[in-house]
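Participant: Below is the file input.txt, with compact mmCIF, C-alpha atoms and all ligand atoms.
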# COMPACT_ATOMS: atom_id res chain seq x y z
CA MET A 1 150.28 144.42 127.70
CA THR A 2 150.22 142.69 124.32
CA SER A 3 151.10 144.84 121.38
CA ARG A 4 149.08 145.09 118.24
CA VAL A 5 150.48 144.61 114.77
CA VAL A 6 148.95 147.08 112.32
CA ALA A 7 149.57 147.92 108.67
CA ALA A 8 152.22 150.62 108.76
CA THR A 9 150.34 153.27 106.77
CA GLU A 10 147.23 152.86 108.94
CA GLY A 11 149.08 153.00 112.25
CA LEU A 12 151.19 156.11 111.59
CA ASP A 13 149.10 158.63 113.53
CA GLU A 14 148.71 156.41 116.56
CA ALA A 15 152.42 155.56 116.43
CA ALA A 16 153.35 159.25 116.34
CA SER A 17 151.10 159.95 119.30
CA LEU A 18 152.60 157.03 121.25
CA ILE A 19 156.13 158.30 120.56
CA LYS A 20 155.17 161.82 121.72
CA HIS A 21 153.76 160.40 124.95
CA GLY A 22 156.69 158.22 125.92
CA GLY A 23 155.57 154.95 124.28
CA LEU A 24 157.52 152.27 122.42
CA VAL A 25 156.80 151.53 118.76
CA ALA A 26 158.36 148.90 116.49
CA ILE A 27 159.19 150.62 113.23
CA PRO A 28 160.08 149.25 109.80
CA THR A 29 163.24 150.69 108.25
CA GLU A 30 165.15 149.76 105.09
CA THR A 31 167.60 147.65 107.17
CA VAL A 32 165.84 145.89 110.08
CA TYR A 33 162.87 146.74 112.31
CA GLY A 34 163.72 149.19 115.08
CA LEU A 35 162.31 149.63 118.59
CA GLY A 36 161.66 153.35 118.72
CA ALA A 37 161.09 155.99 121.41
CA ASN A 38 161.43 159.76 121.70
CA ALA A 39 165.20 160.34 121.87
CA PHE A 40 164.64 163.43 124.07
CA ASP A 41 162.66 161.49 126.70
CA PRO A 42 165.03 159.67 129.08
CA LYS A 43 162.22 157.63 130.61
CA ALA A 44 161.00 156.39 127.24
CA VAL A 45 164.56 155.58 126.21
CA SER A 46 165.10 153.70 129.43
CA SER A 47 162.11 151.51 128.57
CA ILE A 48 163.87 150.51 125.32
CA PHE A 49 166.78 149.11 127.34
CA HIS A 50 164.35 147.36 129.64
CA ALA A 51 162.27 145.84 126.79
CA LYS A 52 165.36 144.49 125.01
CA ARG A 53 167.17 143.52 128.20
CA ARG A 54 170.00 145.52 126.72
CA PRO A 55 172.90 146.56 128.95
CA GLU A 56 172.97 150.31 129.49
CA PHE A 57 176.56 150.54 128.29
CA ASP A 58 175.39 149.85 124.71
CA PRO A 59 174.34 153.18 123.12
CA LEU A 60 171.44 153.68 120.70
CA ILE A 61 171.17 155.09 117.18
CA VAL A 62 169.15 158.31 116.83
CA HIS A 63 167.00 158.54 113.69
CA VAL A 64 166.36 161.96 112.14
CA VAL A 65 164.17 163.16 109.29
CA ASP A 66 166.33 166.01 107.97
CA THR A 67 169.52 167.98 108.56
CA ASP A 68 167.73 170.49 110.82
CA MET A 69 166.98 167.65 113.20
CA LEU A 70 170.57 166.43 112.80
CA ALA A 71 171.73 169.86 114.00
CA LEU A 72 169.60 169.48 117.15
CA VAL A 73 171.38 166.31 118.27
CA THR A 74 174.98 167.02 117.22
CA SER A 75 177.62 169.53 118.30
CA ASP A 76 179.44 169.60 114.99
CA VAL A 77 179.08 168.19 111.46
CA PRO A 78 182.58 167.90 109.97
CA GLU A 79 183.23 168.22 106.21
CA VAL A 80 183.86 164.51 105.79
CA ALA A 81 180.41 163.81 107.27
CA LYS A 82 178.83 166.27 104.84
CA ALA A 83 180.27 164.28 101.94
CA LEU A 84 178.88 161.06 103.42
CA ILE A 85 175.48 162.65 104.05
CA ASP A 86 175.31 163.98 100.46
CA ARG A 87 175.95 160.57 99.03
CA PHE A 88 174.28 158.16 101.47
CA TRP A 89 171.41 159.93 103.27
CA PRO A 90 168.66 159.12 103.52
CA GLY A 91 169.96 155.55 103.71
CA PRO A 92 171.57 152.79 105.76
CA LEU A 93 174.65 154.67 106.97
CA THR A 94 174.95 155.62 110.65
CA ILE A 95 177.43 158.40 111.42
CA VAL A 96 178.94 159.00 114.88
CA PHE A 97 179.18 162.74 115.71
CA GLY A 98 179.93 164.84 118.77
CA LYS A 99 176.63 165.03 120.71
CA SER A 100 174.62 168.10 121.65
CA GLU A 101 173.42 168.88 125.17
CA ALA A 102 169.87 168.05 124.06
CA VAL A 103 170.60 164.32 123.85
CA PRO A 104 170.14 162.67 127.25
CA PRO A 105 173.13 160.59 128.47
CA ILE A 106 171.07 157.40 128.54
CA VAL A 107 170.83 157.47 124.71
CA THR A 108 174.61 157.49 124.28
CA SER A 109 175.49 155.44 127.38
CA GLY A 110 177.26 158.48 128.74
CA LEU A 111 179.50 158.92 125.68
CA GLU A 112 180.18 162.41 124.34
CA THR A 113 179.31 161.10 120.88
CA VAL A 114 175.97 160.23 119.28
CA ALA A 115 175.24 157.80 116.44
CA VAL A 116 172.73 159.23 113.93
CA ARG A 117 171.09 158.09 110.76
CA MET A 118 168.42 159.30 108.36
CA PRO A 119 166.59 156.19 107.18
CA SER A 120 165.45 155.84 103.56
CA HIS A 121 162.13 154.32 104.50
CA ARG A 122 158.95 156.30 103.88
CA ILE A 123 157.20 155.00 107.03
CA ALA A 124 160.17 155.65 109.31
CA LEU A 125 160.65 159.15 107.89
CA GLU A 126 156.95 159.99 108.07
CA LEU A 127 156.79 158.78 111.67
CA ILE A 128 159.73 160.94 112.77
CA LYS A 129 158.12 163.89 110.98
CA ARG A 130 154.70 163.41 112.61
CA ALA A 131 156.21 162.77 116.05
CA GLY A 132 158.32 165.91 115.58
CA VAL A 133 161.23 164.47 117.57
CA PRO A 134 164.29 162.34 116.77
CA ILE A 135 163.63 158.66 117.43
CA ALA A 136 166.15 156.53 119.30
CA ALA A 137 165.88 152.97 118.01
CA PRO A 138 168.00 149.87 118.32
CA SER A 139 167.06 146.75 116.37
CA ALA A 140 163.75 145.40 117.72
CA ASN A 141 165.01 142.15 119.22
CA THR A 142 165.99 140.86 122.64
CA PHE A 143 169.65 141.74 123.23
CA GLY A 144 172.02 139.32 121.51
CA GLN A 145 169.30 137.60 119.46
CA LEU A 146 168.57 137.65 115.74
CA SER A 147 167.63 140.99 114.21
CA PRO A 148 164.04 141.27 112.93
CA THR A 149 163.43 141.71 109.20
CA ARG A 150 159.65 141.19 109.43
CA ALA A 151 156.96 142.43 111.84
CA GLU A 152 156.28 138.80 112.88
CA HIS A 153 159.85 138.50 114.17
CA VAL A 154 159.21 141.45 116.48
CA ALA A 155 155.82 140.12 117.56
CA GLU A 156 157.30 136.70 118.44
CA ASP A 157 160.17 138.19 120.42
CA LEU A 158 158.96 141.43 122.04
CA SER A 159 155.17 141.47 121.80
CA SER A 160 154.54 142.04 125.49
CA GLU A 161 157.04 144.90 125.65
CA VAL A 162 155.93 147.12 122.75
CA ASP A 163 152.87 149.37 122.46
CA LEU A 164 152.46 149.03 118.70
CA ILE A 165 154.17 147.22 115.82
CA LEU A 166 154.00 148.88 112.40
CA ASP A 167 153.99 146.14 109.75
CA ASP A 168 155.50 146.95 106.39
CA GLY A 169 156.52 143.45 105.29
CA SER A 170 160.14 142.43 104.74
CA THR A 171 162.85 145.05 105.04
CA SER A 172 164.80 145.61 101.84
CA PHE A 173 168.47 145.41 102.90
CA GLY A 174 168.04 142.81 105.64
CA VAL A 175 171.23 143.76 107.52
CA GLU A 176 171.79 146.72 109.81
CA SER A 177 173.24 150.06 108.81
CA THR A 178 176.97 150.57 108.38
CA ILE A 179 178.45 152.64 111.25
CA ILE A 180 181.25 155.14 110.72
CA ASP A 181 182.81 157.40 113.36
CA VAL A 182 183.92 160.83 112.07
CA THR A 183 184.91 162.33 115.43
CA GLY A 184 188.57 161.27 115.28
CA PRO A 185 191.47 162.34 113.06
CA MET A 186 190.65 159.50 110.63
CA PRO A 187 187.11 158.26 109.74
CA THR A 188 186.70 154.83 111.31
CA LEU A 189 184.27 152.14 110.23
CA LEU A 190 182.80 150.53 113.37
CA ARG A 191 180.30 148.08 111.85
CA PHE A 192 179.99 146.54 108.41
CA GLY A 193 176.46 146.98 107.13
CA ALA A 194 174.22 147.79 104.21
CA VAL A 195 176.41 150.56 102.76
CA THR A 196 179.62 149.00 101.43
CA LEU A 197 183.16 149.88 102.48
CA GLU A 198 183.98 150.22 98.78
CA ASP A 199 181.30 152.90 98.27
CA ILE A 200 182.41 154.79 101.39
CA GLU A 201 186.06 154.81 100.30
CA GLU A 202 185.03 155.94 96.83
CA THR A 203 183.40 158.95 98.50
CA ILE A 204 185.91 159.98 101.21
CA GLY A 205 189.06 157.95 100.54
CA THR A 206 190.65 155.34 102.79
CA VAL A 207 189.07 154.79 106.21
CA LEU A 208 190.20 152.81 109.24
CA VAL A 209 188.28 149.61 109.89
CA SER A 210 187.76 148.72 113.53
CA THR A 211 184.81 146.38 113.75
CA SER A 212 185.80 144.03 116.55
CA SER A 213 184.68 144.76 120.10
CA SER A 214 187.78 143.42 121.80
CA SER A 215 190.07 145.89 120.08
CA ASN A 216 187.51 148.67 119.97
CA PRO A 217 186.07 150.16 123.13
CA LYS A 218 184.44 152.89 120.99
CA ALA A 219 181.76 150.51 119.73
CA PRO A 220 180.63 149.00 123.00
CA GLY A 221 177.71 147.23 121.38
CA GLN A 222 179.83 145.36 118.90
CA LEU A 223 180.07 142.30 121.08
CA ASP A 224 181.71 139.31 119.43
CA SER A 225 178.81 137.07 120.33
CA HIS A 226 175.64 138.50 118.82
CA TYR A 227 172.90 137.73 116.32
CA ALA A 228 172.56 134.32 117.90
CA PRO A 229 169.99 131.86 116.55
CA LYS A 230 168.34 129.62 119.14
CA THR A 231 169.23 126.48 117.20
CA MET A 232 172.69 126.06 118.61
CA PRO A 233 175.43 125.82 117.75
CA LEU A 234 176.06 127.72 114.52
CA ARG A 235 179.30 126.57 112.95
CA LEU A 236 181.15 128.07 110.04
CA ILE A 237 181.82 125.44 107.44
CA ASN A 238 185.18 124.15 106.22
CA ASP A 239 185.50 122.95 102.62
CA SER A 240 185.31 119.28 103.47
CA GLU A 241 182.57 119.04 106.07
CA PRO A 242 180.69 115.72 105.85
CA ALA A 243 176.92 116.25 105.65
CA ILE A 244 174.88 115.74 108.84
CA GLU A 245 171.32 114.51 108.43
CA THR A 246 170.01 116.27 111.53
CA ALA A 247 171.64 119.63 110.85
CA ALA A 248 170.63 122.67 108.81
CA TYR A 249 172.98 124.17 106.25
CA ILE A 250 173.14 127.75 104.96
CA ALA A 251 174.71 127.89 101.51
CA PHE A 252 175.61 131.00 99.55
CA SER A 253 174.53 129.88 96.06
CA ASN A 254 174.85 126.10 95.59
CA ALA A 255 172.88 123.58 97.65
CA PRO A 256 174.97 120.63 98.90
CA LYS A 257 173.41 117.16 99.39
CA GLY A 258 172.84 115.09 102.51
CA TRP A 259 171.88 117.78 105.05
CA GLY A 260 168.62 117.76 107.02
CA HIS A 261 167.64 121.13 105.64
CA VAL A 262 169.37 123.50 103.23
CA GLU A 263 168.78 127.23 102.78
CA VAL A 264 170.37 128.91 99.77
CA LEU A 265 170.93 132.63 100.32
CA SER A 266 171.05 133.51 96.63
CA PRO A 267 170.82 130.93 93.82
CA THR A 268 172.40 133.46 91.43
CA GLY A 269 175.24 134.35 93.82
CA ASP A 270 173.98 137.89 94.38
CA LEU A 271 175.33 139.31 97.67
CA VAL A 272 172.56 141.92 97.95
CA GLU A 273 169.90 139.23 97.74
CA ALA A 274 171.88 137.06 100.18
CA ALA A 275 171.97 139.89 102.74
CA ALA A 276 168.26 140.54 102.36
CA ARG A 277 167.52 136.88 103.16
CA LEU A 278 170.11 136.20 105.89
CA PHE A 279 168.10 136.89 109.06
CA GLN A 280 164.89 135.47 107.54
CA VAL A 281 166.79 132.23 106.85
CA LEU A 282 168.17 132.14 110.41
CA HIS A 283 164.66 132.74 111.79
CA ASN A 284 163.32 129.90 109.57
CA ILE A 285 165.96 127.52 110.85
CA ASP A 286 165.17 128.53 114.42
CA ARG A 287 161.60 127.33 113.88
CA GLY A 288 162.83 123.90 112.76
CA ASN A 289 164.23 121.33 115.10
CA PHE A 290 167.86 120.85 114.08
CA SER A 291 170.88 119.62 116.00
CA ALA A 292 173.03 122.43 114.65
CA VAL A 293 173.37 125.02 111.91
CA TYR A 294 176.30 125.06 109.53
CA ALA A 295 176.95 128.11 107.39
CA GLU A 296 179.28 129.02 104.53
CA LEU A 297 180.95 132.39 104.46
CA VAL A 298 180.29 134.46 101.33
CA PRO A 299 182.81 136.45 99.25
CA GLU A 300 184.40 139.13 101.48
CA GLU A 301 183.40 142.11 99.32
CA GLY A 302 180.60 144.67 99.20
CA ILE A 303 177.66 143.82 101.44
CA GLY A 304 179.22 140.33 101.77
CA ARG A 305 181.42 141.79 104.54
CA ALA A 306 178.28 142.49 106.60
CA ILE A 307 176.95 138.97 105.98
CA ASN A 308 180.24 137.38 107.07
CA ASP A 309 180.45 139.65 110.12
CA ARG A 310 176.97 138.56 111.28
CA LEU A 311 177.70 134.87 110.61
CA LYS A 312 180.97 135.04 112.55
CA ARG A 313 179.29 136.73 115.51
CA ALA A 314 176.42 134.22 115.40
CA SER A 315 178.99 131.42 115.58
CA SER A 316 181.06 132.75 118.48
O1 LIG A 401 170.13 149.55 110.74
C1 LIG A 401 170.26 149.89 111.91
O2 LIG A 401 171.25 150.54 112.30
C2 LIG A 401 169.16 149.52 112.89
C3 LIG A 401 167.90 150.28 112.51
C4 LIG A 401 166.77 150.08 113.47
O3 LIG A 401 168.22 151.65 112.38
N1 LIG A 401 169.55 149.79 114.24
C5 LIG A 401 170.51 149.06 114.88
O4 LIG A 401 170.70 149.43 116.20
O5 LIG A 401 171.14 148.18 114.36
P1 LIG A 401 171.49 148.54 117.27
O6 LIG A 401 171.21 149.17 118.56
O7 LIG A 401 171.12 147.12 117.11
O8 LIG A 401 172.99 148.79 116.94
C6 LIG A 401 173.54 150.06 117.20
C7 LIG A 401 175.02 149.98 117.28
C8 LIG A 401 175.53 149.33 118.54
O9 LIG A 401 176.55 148.41 118.18
C9 LIG A 401 176.11 150.50 119.32
O10 LIG A 401 177.18 150.14 120.13
C10 LIG A 401 176.54 151.44 118.22
O11 LIG A 401 175.51 151.33 117.27
N2 LIG A 401 176.59 152.82 118.69
C11 LIG A 401 175.57 153.60 119.09
N3 LIG A 401 176.01 154.80 119.51
C12 LIG A 401 177.34 154.80 119.36
C13 LIG A 401 178.36 155.75 119.61
N4 LIG A 401 178.10 156.96 120.11
N5 LIG A 401 179.64 155.40 119.32
C14 LIG A 401 179.91 154.17 118.80
N6 LIG A 401 178.99 153.23 118.54
C15 LIG A 401 177.71 153.53 118.82
MG MG A 402 171.03 145.11 117.17
Represent the structure from my file as structure tokens, please.
Ligand code: TXA
Ligand code: MG
Facilitator:
Amino acid sequence: MTSRVVAATEGLDEAASLIKHGGLVAIPTETVYGLGANAFDPKAVSSIFHAKRRPEFDPLIVHVVDTDMLALVTSDVPEVAKALIDRFWPGPLTIVFGKSEAVPPIVTSGLETVAVRMPSHRIALELIKRAGVPIAAPSANTFGQLSPTRAEHVAEDLSSEVDLILDDGSTSFGVESTIIDVTGPMPTLLRFGAVTLEDIEETIGTVLVSTSSSSNPKAPGQLDSHYAPKTMPLRLINDSEPAIETAAYIAFSNAPKGWGHVEVLSPTGDLVEAAARLFQVLHNIDRGNFSAVYAELVPEEGIGRAINDRLKRASS
């Protein structure tokens, strides 16, 4: 099977029908493209794991269109989650709740919790609405590889595994959703992402931050080595690295001289723009033939935390 890439608006009806009948559809969202299936259909969900070669211990995010659908998949929506939902949904914040009986164990890797988000993307929302079911969707890439921010990235990586790819151009945030767990006594941030820690703390006060897999069995998918480009190795740069003619360099805002290829994430030093370009830049470099990739970290603030997290994981 080779999947077709179609303009998102034109493919919506077919995509909804595929989802209803147990198919796999690559879906644009505001963060990265997702690989979606009916969250209530264990067989369809199992084909997501198979397509991505994803270990079954790594649970999926369930995408909903409204709070009625949220109620179907959760056992309880605590007050702190309501405050987060009011401020950030629809949008790139994933919240971990207690799960309902309706969610099959394969979605949550057997956990009693379920990760849910309401995307702020008109195609994703419309698709969930037309399919009439919550959509389980991890990022649409082979496990451990770069996340896709364009339909072409999905087509290059997973074409033979997906029934249909809905193309809506580049995603706007370019990094995955932020994940926060509200099931414990203290809200805990599990993954830095498109919604900033600063904005979350402005809304609900101080949260715990537990984003490393080694210290955090609750986020089984947060493996230290992830988001890996094929051009290996990726090294984080020290101040005084001598330029290498055969290597690619990822700069935050100022291009250094002497490297084989330089990608500047944001000439104006804008972290939001840098995040939006990060995976595209890594995909570009993968297409070149370089001995290595060197990358600068960006300021550790706002969405910069998500950029640095992805760069560190890509380098480990
Ligand atoms: O922006 C995004 O979140 C994208 C788009 C497609 O929505 N999705 C995405 O999914 O990044 P994925 O599968 O690449 O990452 C999901 C992460 C994994 O690290 C997984 O371990 C974590 O969510 N996760 C899922 N369910 C969880 C749960 N019940 N408790 C803790 N972590 C969970
Ligand atoms: Mg992923």
Participant: Produce as a VMD selection string the set of residues near ligand MG 402 (chain A), where near means within 9 Å with all atoms listed in the file considered.
Facilitator: chain A and resid 32 34 138 to 147 176 221 to 222 226 to 227
Participant: So, with all atoms listed in the file as the atoms that count, which of A:Glu112, A:Glu201, A:Glu263, A:Glu300 lies closest to A:Leu84?
Facilitator: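 Smallest separation from A:Leu84 among the options: A:Glu201.
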Participant: Enumerate residues in contact with ligand LIG 401 (chain A): an atom-to-atom distance of at most 8 Å, counting only C-alpha atoms and all ligand atoms. Format the result as a PyMOL selection string.
Facilitator: chain A and resi 27-35+58-61+63+92-94+96-97+107-109+111-117+119+137-140+147+175-179+181+190-191+193-194+218-223
Participant: From the options A:Ile123, A:Leu24, A:Pro134, A:Val209, which residue's atoms come nearest to A:Thr171, counting all atoms listed in the file?
Facilitator: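 So, comparing all the options, the nearest one is A:Ile123.
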Participant: So that I can check the surroundings of A:Ser253, please list as number ranges by chain every protein, DNA and RNA residue that reaches within 12 Å of it, counting all atoms listed in the file and ignoring chain neighbours fewer than 2 positions away.
Facilitator: A: 249-251, 255-256, 262-271, 273-274, 295-299
Participant: For a test of reading the model, state the distance in Å between atom CA of A:Leu197 and atom CA of A:Tyr294, rounded to one decimal.
Facilitator: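 These atoms are spaced 26.7 Å apart.
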Participant: Give me the residues within 8 Å of A:Ala151 as a count of residues only, counting all atoms listed in the file and dropping any in the same chain fewer than 5 places off.
Facilitator: 9
Participant: Can you list, as number ranges by chain, every protein, DNA or RNA residue that comes within 10 Å of A:Ser291 when you count only C-alpha atoms, leaving out same-chain residues fewer than 3 positions away?
Facilitator: A: 231-234, 244-248, 260, 288
Participant: Quick one: everything within 9 Å of A:Thr74, counting all atoms listed in the file, minus sequence neighbours fewer than 3 positions away in the same chain. Send it as a list in words.
Facilitator: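 Everything that qualifies: Met69, Leu70, Ala71, Val77, Phe97, Gly98, Lys99, Ser100, Glu101, Ala102, Val103, Thr113, Val114 and Val116 of chain A.
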Participant: One number please: atom CA of A:Arg130 to atom CA of A:Phe40, in Å, one decimal.
Facilitator: 15.2 Å
